[in-house]
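*Asks:* Next up is a structure, given as structure tokens.
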Amino acid sequence: MTRRAVGGTGVKGARRPEPRLPALERFAGGGLEPDGDYDALEFRGTDLAGQDGAGARFMDCALAECALDGTRLSGARVLDSVLAGVRGVGTDLAGATLRDVEVTDARLGGTQLHGAVLERVLVRGGKIDFLNLRSARLRDVVFEGCVLVEPDFGGARLERVEFVDCALKGADLAGAVLTDVDLRGAEPLEIARGADRLAGAVISTAQLLDLAPVLAAGMGLRVEG
């Protein structure tokens, strides 16, 4: 499948998820279980704080207004699912797989996604603080209308990733590899570390001017007068 070029720049656009949920059954279980199998379930207003669902599989599920404080979902697989209005601090999704997933209006802090795989994921609205995506792989991922505060992309691989009307504050790109990454819709665009890793990304002229001091510092270039 040939993907569209973004804004005529030759940058390949991200392929967005299109989850089509079947008729869902309300989740009535007492809690999550490690390596659990959850298929076509609706979790609505469910308090999942502190629960252990490591290695679980969520297929064709909807999680709406759920509490995820300290929820352990390391190695979980979230497929063809929708997360709406989820909230929590310290949610552990390390090494998880998210494929064909929409996340809307999330309020999260310190979410652990290091070593995770994200493919065809849309994050729309909401605010995520201190998102840990170190060594993760992101392909066809869109961040739209959301606020990301100090996200850590250290050592991650980003391919066909778009930031649309999105605030990107204090991002760490150290050791990251970017391919067809469109940053023009990030306002502000703040790079705390790894500005030298921007090869493979496209930015606007205004963003280039804003980043000039960071780029100059990374080159050891002193600007005076």
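Each chain of the structure tokens is named A, B, ... in the order shown, its residues numbered from 1; ligands are numbered from 1 in display order.
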List every residue of region 138-221 of chain A that DSSP, applied to the backbone of this structure, places in strand (DSSP E), and write the result as a PyMOL selection string.

*Replies:* chain A and resi 138-144+147-149+157-164+166-172+177-182+186-193+201-202

*Asks:* What's the 10 Å shell around Pro19 (chain A), counting only C-alpha atoms, without same-chain residues fewer than 6 positions away, as number ranges by chain?

*Replies:* A: 60-61, 79-82, 99-102, 120

*Asks:* Suppose we keep C-alpha atoms; can you now write the selection as an mmCIF file, in the first residue's frame?

*Replies:*
```
data_model
loop_
_atom_site.group_PDB
_atom_site.id
_atom_site.type_symbol
_atom_site.label_atom_id
_atom_site.label_comp_id
_atom_site.auth_asym_id
_atom_site.auth_seq_id
_atom_site.Cartn_x
_atom_site.Cartn_y
_atom_site.Cartn_z
ATOM 1 C CA ASP A 60 -11.639 -5.713 20.475
ATOM 2 C CA CYS A 61 -12.012 -4.084 23.889
ATOM 3 C CA LEU A 79 -5.210 -5.090 19.781
ATOM 4 C CA ASP A 80 -8.012 -3.387 17.832
ATOM 5 C CA SER A 81 -9.130 -1.574 20.969
ATOM 6 C CA VAL A 82 -10.136 1.874 22.216
ATOM 7 C CA ARG A 99 -1.701 -2.386 17.476
ATOM 8 C CA ASP A 100 -4.686 -0.650 15.871
ATOM 9 C CA VAL A 101 -5.434 1.267 19.067
ATOM 10 C CA GLU A 102 -7.045 4.658 19.693
ATOM 11 C CA ARG A 120 -1.117 2.062 13.974
#
```

*Asks:* Between CA of Ala176 (chain A) and CA of Phe153 (chain A), what is the distance, to one decimal in Å?

*Replies:*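 Going from CA of Ala176 (chain A) over to CA of Phe153 (chain A) covers 6.4 Å.
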
*Asks:* Please extract the residues of chain A with a backbone DSSP assignment of helix (DSSP H, G or I) and present them as a short mmCIF file (atom, residue, chain, number, x, y, z; two decimals) with all heavy atoms, in the first residue's frame.

*Replies:*
```cif
data_model
loop_
_atom_site.label_atom_id
_atom_site.label_comp_id
_atom_site.auth_asym_id
_atom_site.auth_seq_id
_atom_site.Cartn_x
_atom_site.Cartn_y
_atom_site.Cartn_z
N ALA A 195 18.90 16.62 19.92
CA ALA A 195 18.54 17.40 18.73
C ALA A 195 19.34 16.94 17.51
O ALA A 195 18.89 17.12 16.37
CB ALA A 195 18.78 18.89 18.99
N ASP A 196 20.49 16.31 17.75
CA ASP A 196 21.30 15.81 16.64
C ASP A 196 20.69 14.58 15.99
O ASP A 196 21.18 14.10 14.96
CB ASP A 196 22.71 15.47 17.15
CG ASP A 196 22.70 14.41 18.25
OD1 ASP A 196 21.82 14.48 19.12
OD2 ASP A 196 23.59 13.53 18.23
N ARG A 197 19.60 14.05 16.57
CA ARG A 197 18.96 12.86 16.02
C ARG A 197 17.77 13.21 15.12
O ARG A 197 17.00 12.32 14.74
CB ARG A 197 18.46 11.95 17.16
CG ARG A 197 19.50 11.64 18.22
CD ARG A 197 20.70 10.94 17.64
NE ARG A 197 20.38 9.63 17.11
CZ ARG A 197 21.27 8.76 16.66
NH1 ARG A 197 22.56 9.08 16.65
NH2 ARG A 197 20.90 7.58 16.20
N THR A 205 10.12 26.08 9.08
CA THR A 205 11.15 27.13 9.15
C THR A 205 11.13 27.80 10.52
O THR A 205 12.18 28.05 11.12
CB THR A 205 10.93 28.18 8.05
OG1 THR A 205 10.96 27.54 6.77
CG2 THR A 205 12.00 29.25 8.11
N ALA A 206 9.93 28.08 11.03
CA ALA A 206 9.82 28.72 12.34
C ALA A 206 10.40 27.83 13.43
O ALA A 206 11.08 28.31 14.36
CB ALA A 206 8.36 29.04 12.64
N GLN A 207 10.15 26.54 13.35
CA GLN A 207 10.71 25.61 14.33
C GLN A 207 12.23 25.57 14.25
O GLN A 207 12.92 25.47 15.27
CB GLN A 207 10.13 24.21 14.13
CG GLN A 207 8.67 24.08 14.56
CD GLN A 207 8.08 22.75 14.15
OE1 GLN A 207 8.43 22.20 13.10
NE2 GLN A 207 7.19 22.21 14.97
N LEU A 208 12.76 25.64 13.03
CA LEU A 208 14.21 25.65 12.86
C LEU A 208 14.83 26.85 13.58
O LEU A 208 15.85 26.72 14.26
CB LEU A 208 14.56 25.69 11.38
CG LEU A 208 16.06 25.81 11.04
CD1 LEU A 208 16.84 24.65 11.62
CD2 LEU A 208 16.26 25.91 9.53
N LEU A 209 14.19 28.00 13.46
CA LEU A 209 14.70 29.19 14.13
C LEU A 209 14.63 29.03 15.65
O LEU A 209 15.55 29.41 16.37
CB LEU A 209 13.90 30.42 13.70
CG LEU A 209 14.04 30.80 12.21
CD1 LEU A 209 13.11 31.96 11.87
CD2 LEU A 209 15.48 31.14 11.86
N ASP A 210 13.55 28.42 16.14
CA ASP A 210 13.41 28.21 17.58
C ASP A 210 14.45 27.23 18.10
O ASP A 210 14.93 27.35 19.24
CB ASP A 210 12.01 27.70 17.91
CG ASP A 210 10.93 28.76 17.72
OD1 ASP A 210 11.28 29.96 17.72
OD2 ASP A 210 9.76 28.38 17.56
N LEU A 211 14.78 26.24 17.28
CA LEU A 211 15.73 25.21 17.70
C LEU A 211 17.18 25.59 17.45
O LEU A 211 18.09 24.85 17.86
CB LEU A 211 15.44 23.89 16.97
CG LEU A 211 14.17 23.14 17.38
CD1 LEU A 211 13.94 21.96 16.44
CD2 LEU A 211 14.28 22.65 18.82
N ALA A 212 17.41 26.72 16.79
CA ALA A 212 18.77 27.10 16.42
C ALA A 212 19.75 27.09 17.61
O ALA A 212 20.86 26.56 17.48
CB ALA A 212 18.77 28.47 15.75
N PRO A 213 19.37 27.64 18.78
CA PRO A 213 20.32 27.61 19.90
C PRO A 213 20.68 26.18 20.33
O PRO A 213 21.83 25.90 20.66
CB PRO A 213 19.58 28.36 21.01
CG PRO A 213 18.60 29.23 20.30
CD PRO A 213 18.17 28.43 19.12
N VAL A 214 19.69 25.29 20.33
CA VAL A 214 19.94 23.91 20.73
C VAL A 214 20.83 23.21 19.71
O VAL A 214 21.77 22.49 20.06
CB VAL A 214 18.61 23.14 20.88
CG1 VAL A 214 18.85 21.68 21.22
CG2 VAL A 214 17.75 23.79 21.96
N LEU A 215 20.54 23.43 18.43
CA LEU A 215 21.35 22.82 17.38
C LEU A 215 22.77 23.35 17.40
O LEU A 215 23.74 22.60 17.23
CB LEU A 215 20.70 23.08 16.01
CG LEU A 215 19.33 22.43 15.79
CD1 LEU A 215 18.70 22.94 14.50
CD2 LEU A 215 19.46 20.91 15.75
N ALA A 216 22.91 24.66 17.63
CA ALA A 216 24.25 25.25 17.69
C ALA A 216 25.04 24.70 18.86
O ALA A 216 26.23 24.38 18.74
CB ALA A 216 24.13 26.77 17.81
N ALA A 217 24.39 24.54 20.01
CA ALA A 217 25.06 24.01 21.18
C ALA A 217 25.52 22.58 20.93
O ALA A 217 26.62 22.17 21.34
CB ALA A 217 24.15 24.08 22.39
N GLY A 218 24.67 21.81 20.25
CA GLY A 218 25.03 20.43 19.95
C GLY A 218 26.23 20.32 19.01
O GLY A 218 26.95 19.32 19.03
#
```

*Asks:* Point out the residue among A:Val89, A:Val161, A:Leu63, A:Ala84 with the least atom-to-atom distance to Gly50 (chain A), counting only C-alpha atoms.

*Replies:*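 Result for the nearest residue to Gly50 (chain A): A:Val89.
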
*Asks:* Residues within 8 Å of Arg134 (chain A), please, as a ChimeraX atom specification. Count only C-alpha atoms; anything in the same chain fewer than 2 positions from it doesn't count.

*Replies:* /A:113-115,132,136,152-156

*Asks:* Please produce an output containing all heavy atoms for each residue in the selection, written as an mmCIF file, in the first residue's frame.

*Replies:*
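Printed below is selection.cif as written:
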```cif
data_model
loop_
_atom_site.group_PDB
_atom_site.id
_atom_site.type_symbol
_atom_site.label_atom_id
_atom_site.label_comp_id
_atom_site.auth_asym_id
_atom_site.auth_seq_id
_atom_site.Cartn_x
_atom_site.Cartn_y
_atom_site.Cartn_z
ATOM 1 N N LEU A 113 6.395 2.621 28.900
ATOM 2 C CA LEU A 113 6.233 1.914 27.631
ATOM 3 C C LEU A 113 7.596 1.572 27.030
ATOM 4 O O LEU A 113 7.708 1.386 25.826
ATOM 5 C CB LEU A 113 5.421 2.763 26.652
ATOM 6 C CG LEU A 113 3.888 2.641 26.741
ATOM 7 C CD1 LEU A 113 3.208 3.827 26.075
ATOM 8 C CD2 LEU A 113 3.400 1.334 26.120
ATOM 9 N N HIS A 114 8.626 1.504 27.878
ATOM 10 C CA HIS A 114 9.951 1.213 27.333
ATOM 11 C C HIS A 114 9.976 -0.206 26.753
ATOM 12 O O HIS A 114 9.401 -1.141 27.309
ATOM 13 C CB HIS A 114 11.042 1.391 28.389
ATOM 14 C CG HIS A 114 10.819 0.645 29.660
ATOM 15 N ND1 HIS A 114 10.045 1.143 30.689
ATOM 16 C CD2 HIS A 114 11.251 -0.572 30.076
ATOM 17 C CE1 HIS A 114 10.028 0.275 31.684
ATOM 18 N NE2 HIS A 114 10.739 -0.765 31.343
ATOM 19 N N GLY A 115 10.602 -0.309 25.596
ATOM 20 C CA GLY A 115 10.679 -1.591 24.911
ATOM 21 C C GLY A 115 9.379 -2.041 24.276
ATOM 22 O O GLY A 115 9.283 -3.175 23.803
ATOM 23 N N ASN A 132 7.542 7.217 29.150
ATOM 24 C CA ASN A 132 8.802 6.513 28.925
ATOM 25 C C ASN A 132 8.663 5.573 27.738
ATOM 26 O O ASN A 132 8.045 4.516 27.840
ATOM 27 C CB ASN A 132 9.183 5.729 30.185
ATOM 28 C CG ASN A 132 10.542 5.036 30.043
ATOM 29 O OD1 ASN A 132 11.127 5.002 28.969
ATOM 30 N ND2 ASN A 132 11.045 4.481 31.132
ATOM 31 N N ALA A 136 11.645 1.851 22.514
ATOM 32 C CA ALA A 136 10.393 1.366 21.925
ATOM 33 C C ALA A 136 10.454 1.474 20.402
ATOM 34 O O ALA A 136 11.321 2.151 19.834
ATOM 35 C CB ALA A 136 9.213 2.169 22.455
ATOM 36 N N ASP A 152 10.194 10.581 26.839
ATOM 37 C CA ASP A 152 11.531 10.019 26.669
ATOM 38 C C ASP A 152 11.510 9.022 25.515
ATOM 39 O O ASP A 152 10.974 7.919 25.642
ATOM 40 C CB ASP A 152 11.964 9.340 27.973
ATOM 41 C CG ASP A 152 13.423 8.898 27.945
ATOM 42 O OD1 ASP A 152 14.030 8.922 26.854
ATOM 43 O OD2 ASP A 152 13.940 8.507 29.010
ATOM 44 N N PHE A 153 12.094 9.434 24.380
ATOM 45 C CA PHE A 153 12.202 8.575 23.209
ATOM 46 C C PHE A 153 13.625 8.030 23.065
ATOM 47 O O PHE A 153 14.019 7.592 21.990
ATOM 48 C CB PHE A 153 11.846 9.355 21.939
ATOM 49 C CG PHE A 153 10.418 9.832 21.858
ATOM 50 C CD1 PHE A 153 10.093 11.139 22.174
ATOM 51 C CD2 PHE A 153 9.405 8.978 21.458
ATOM 52 C CE1 PHE A 153 8.786 11.600 22.087
ATOM 53 C CE2 PHE A 153 8.091 9.417 21.369
ATOM 54 C CZ PHE A 153 7.778 10.732 21.690
ATOM 55 N N GLY A 154 14.396 8.051 24.139
ATOM 56 C CA GLY A 154 15.798 7.640 24.063
ATOM 57 C C GLY A 154 15.966 6.245 23.481
ATOM 58 O O GLY A 154 15.386 5.281 23.974
ATOM 59 N N GLY A 155 16.760 6.139 22.420
ATOM 60 C CA GLY A 155 17.039 4.845 21.816
ATOM 61 C C GLY A 155 15.872 4.232 21.073
ATOM 62 O O GLY A 155 15.956 3.082 20.616
ATOM 63 N N ALA A 156 14.774 4.974 20.928
ATOM 64 C CA ALA A 156 13.594 4.435 20.244
ATOM 65 C C ALA A 156 13.743 4.549 18.726
ATOM 66 O O ALA A 156 14.560 5.319 18.226
ATOM 67 C CB ALA A 156 12.338 5.176 20.697
#
```

*Asks:* Would you kindly return, as a list in words, each protein, DNA or RNA residue with an atom no farther than 6 Å from any atom of Gly95 (chain A), considering only C-alpha atoms and excluding same-chain residues fewer than 2 positions away?

*Replies:* Ser74, Gly75, Gly115 and Ala116 of chain A

*Asks:* Could you please take those selected residues and save N, CA and C atoms as a PDB file, in the first residue's frame?

*Replies:*
```pdb
ATOM      1  N   SER A  74       2.696  -5.069  31.885  1.00  0.00           N
ATOM      2  CA  SER A  74       3.927  -5.330  31.146  1.00  0.00           C
ATOM      3  C   SER A  74       3.751  -6.554  30.257  1.00  0.00           C
ATOM      4  N   GLY A  75       4.219  -6.428  29.017  1.00  0.00           N
ATOM      5  CA  GLY A  75       4.113  -7.526  28.072  1.00  0.00           C
ATOM      6  C   GLY A  75       2.717  -7.797  27.563  1.00  0.00           C
ATOM      7  N   GLY A 115      10.602  -0.309  25.596  1.00  0.00           N
ATOM      8  CA  GLY A 115      10.679  -1.591  24.911  1.00  0.00           C
ATOM      9  C   GLY A 115       9.379  -2.041  24.276  1.00  0.00           C
ATOM     10  N   ALA A 116       8.380  -1.163  24.249  1.00  0.00           N
ATOM     11  CA  ALA A 116       7.073  -1.533  23.696  1.00  0.00           C
ATOM     12  C   ALA A 116       7.072  -1.398  22.171  1.00  0.00           C
TER      13      ALA A 116
END
```

*Asks:* To one decimal place in Å, what is the distance between CA of Gly170 (chain A) and CA of Gly70 (chain A)?

*Replies:*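 So the two atoms, CA of Gly170 (chain A) and CA of Gly70 (chain A), lie 24.0 Å apart.
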